[in-house]
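These notes concern the structure reproduced below.
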Amino acid sequence: MAATSSSDDSTRRILAAVRAIPRGQVAGYGEVARLAGLPGRARLAARVLAANEDPTLPWHRVLRADGRIAFPEGSPGWREQCRRLSAEGVRVEKGRVRRARGPADLDAAIWGPDSA
């Protein structure tokens, strides 16, 4: 029996991270990579999603870091992603989801400078 390659493991971890995004919420490609234990691999996350053939994967919940849909505006993929996000109650304006800016990680939330 052949061992699982590093590439297969990375793909599996990225897909699991995408599946973990709750309905009605979104994440950036970089966040997905970080959740998968692959910080700095946003482009890998994008490639994995582009190659996905599982119709049950909630790929539509993954956006660019600035909240924009990665498909070209008006394309079938762009329209489908807007439709799916809207059906989940996510507000999409001109192909973009506005997201609250929070700390990049738990350490920043706990140990960051006091805002007072």
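We name chains A, B, ... following the order of the structure tokens; residues begin at 1 in each chain, and ligands are numbered from 1 as shown.
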Exercise: region 47-57 of chain A partners within 10 Å, only C-alpha atoms, chain neighbours under 2 positions left out, as a PyMOL selection string: chain A and resi 10-12+14-16+18-19+29+42-45+59-62
Emit the selected residues as an mmCIF file, in the first residue's frame, including N, CA and C atoms.
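Once everything was written out, this is out.cif:
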```
data_model
loop_
_atom_site.group_PDB
_atom_site.id
_atom_site.type_symbol
_atom_site.label_atom_id
_atom_site.label_comp_id
_atom_site.auth_asym_id
_atom_site.auth_seq_id
_atom_site.Cartn_x
_atom_site.Cartn_y
_atom_site.Cartn_z
ATOM 1 N N SER A 10 -2.035 17.752 1.821
ATOM 2 C CA SER A 10 -2.341 19.185 1.776
ATOM 3 C C SER A 10 -3.722 19.414 1.176
ATOM 4 N N THR A 11 -4.029 18.709 0.109
ATOM 5 C CA THR A 11 -5.339 18.826 -0.530
ATOM 6 C C THR A 11 -6.439 18.418 0.436
ATOM 7 N N ARG A 12 -6.247 17.314 1.114
ATOM 8 C CA ARG A 12 -7.243 16.826 2.062
ATOM 9 C C ARG A 12 -7.475 17.850 3.167
ATOM 10 N N ILE A 14 -6.915 21.141 3.082
ATOM 11 C CA ILE A 14 -7.567 22.337 2.541
ATOM 12 C C ILE A 14 -9.053 22.083 2.351
ATOM 13 N N LEU A 15 -9.399 20.939 1.784
ATOM 14 C CA LEU A 15 -10.817 20.625 1.577
ATOM 15 C C LEU A 15 -11.562 20.520 2.911
ATOM 16 N N ALA A 16 -10.921 19.961 3.924
ATOM 17 C CA ALA A 16 -11.545 19.867 5.249
ATOM 18 C C ALA A 16 -11.757 21.268 5.833
ATOM 19 N N VAL A 18 -12.270 24.032 4.140
ATOM 20 C CA VAL A 18 -13.385 24.646 3.405
ATOM 21 C C VAL A 18 -14.712 24.091 3.923
ATOM 22 N N ARG A 19 -14.768 22.791 4.140
ATOM 23 C CA ARG A 19 -15.999 22.181 4.656
ATOM 24 C C ARG A 19 -16.353 22.691 6.054
ATOM 25 N N TYR A 29 -8.818 32.853 0.981
ATOM 26 C CA TYR A 29 -7.950 31.730 0.609
ATOM 27 C C TYR A 29 -6.823 31.558 1.621
ATOM 28 N N ALA A 42 -1.969 30.444 0.297
ATOM 29 C CA ALA A 42 -3.258 30.855 -0.264
ATOM 30 C C ALA A 42 -3.417 30.404 -1.717
ATOM 31 N N ARG A 43 -2.341 30.491 -2.479
ATOM 32 C CA ARG A 43 -2.427 30.092 -3.892
ATOM 33 C C ARG A 43 -2.672 28.590 -4.031
ATOM 34 N N LEU A 44 -2.102 27.818 -3.117
ATOM 35 C CA LEU A 44 -2.370 26.381 -3.128
ATOM 36 C C LEU A 44 -3.843 26.132 -2.841
ATOM 37 N N ALA A 45 -4.398 26.850 -1.878
ATOM 38 C CA ALA A 45 -5.822 26.699 -1.569
ATOM 39 C C ALA A 45 -6.661 27.024 -2.801
ATOM 40 N N TRP A 59 -17.465 25.595 -1.839
ATOM 41 C CA TRP A 59 -16.401 26.422 -2.406
ATOM 42 C C TRP A 59 -16.788 27.897 -2.456
ATOM 43 N N HIS A 60 -18.085 28.154 -2.551
ATOM 44 C CA HIS A 60 -18.569 29.523 -2.704
ATOM 45 C C HIS A 60 -18.302 30.376 -1.469
ATOM 46 N N ARG A 61 -17.938 29.768 -0.351
ATOM 47 C CA ARG A 61 -17.670 30.502 0.888
ATOM 48 C C ARG A 61 -16.241 31.026 0.968
ATOM 49 N N VAL A 62 -15.455 30.802 -0.079
ATOM 50 C CA VAL A 62 -14.051 31.230 -0.079
ATOM 51 C C VAL A 62 -13.887 32.386 -1.069
#
```
Find the spatial neighbours of Cys82 (chain A), counting only C-alpha atoms, within a cut-off of 7 Å - ignore same-chain residues fewer than 4 positions away - and output them as a list in words.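 The residues that qualify are Trp78, Ser86, Val92 and Gly95 of chain A.
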Between CA of Val97 (chain A) and CA of Ala46 (chain A), what distance in Å does the model show, to one decimal? 17.7 Å
May I have all residues of chain A that DSSP, computed from the backbone, assigns to helix (DSSP H, G or I), given as a VMD selection string? chain A and resid 6 to 19 29 to 35 42 to 51 59 to 61 76 to 87 106 to 111
So which residues touch Ala65 (chain A) within 9 Å, counting only C-alpha atoms, skipping near sequence neighbours fewer than 4 positions away, as a short mmCIF file (atom, residue, chain, number, x, y, z; two decimals) with N, CA and C atoms, in the first residue's frame?
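Once everything was written out, this is part_19.cif:
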```cif
data_model
loop_
_atom_site.label_atom_id
_atom_site.label_comp_id
_atom_site.auth_asym_id
_atom_site.auth_seq_id
_atom_site.Cartn_x
_atom_site.Cartn_y
_atom_site.Cartn_z
N ALA A 27 -14.58 32.91 4.20
CA ALA A 27 -13.16 32.95 4.59
C ALA A 27 -12.35 33.27 3.34
N GLY A 28 -11.19 33.84 3.55
CA GLY A 28 -10.27 34.11 2.44
C GLY A 28 -9.43 32.88 2.15
N TYR A 29 -8.82 32.85 0.98
CA TYR A 29 -7.95 31.73 0.61
C TYR A 29 -6.82 31.56 1.62
N GLY A 30 -6.25 32.67 2.08
CA GLY A 30 -5.19 32.60 3.08
C GLY A 30 -5.67 32.04 4.40
N GLU A 31 -6.89 32.41 4.79
CA GLU A 31 -7.45 31.87 6.03
C GLU A 31 -7.66 30.37 5.92
#
```
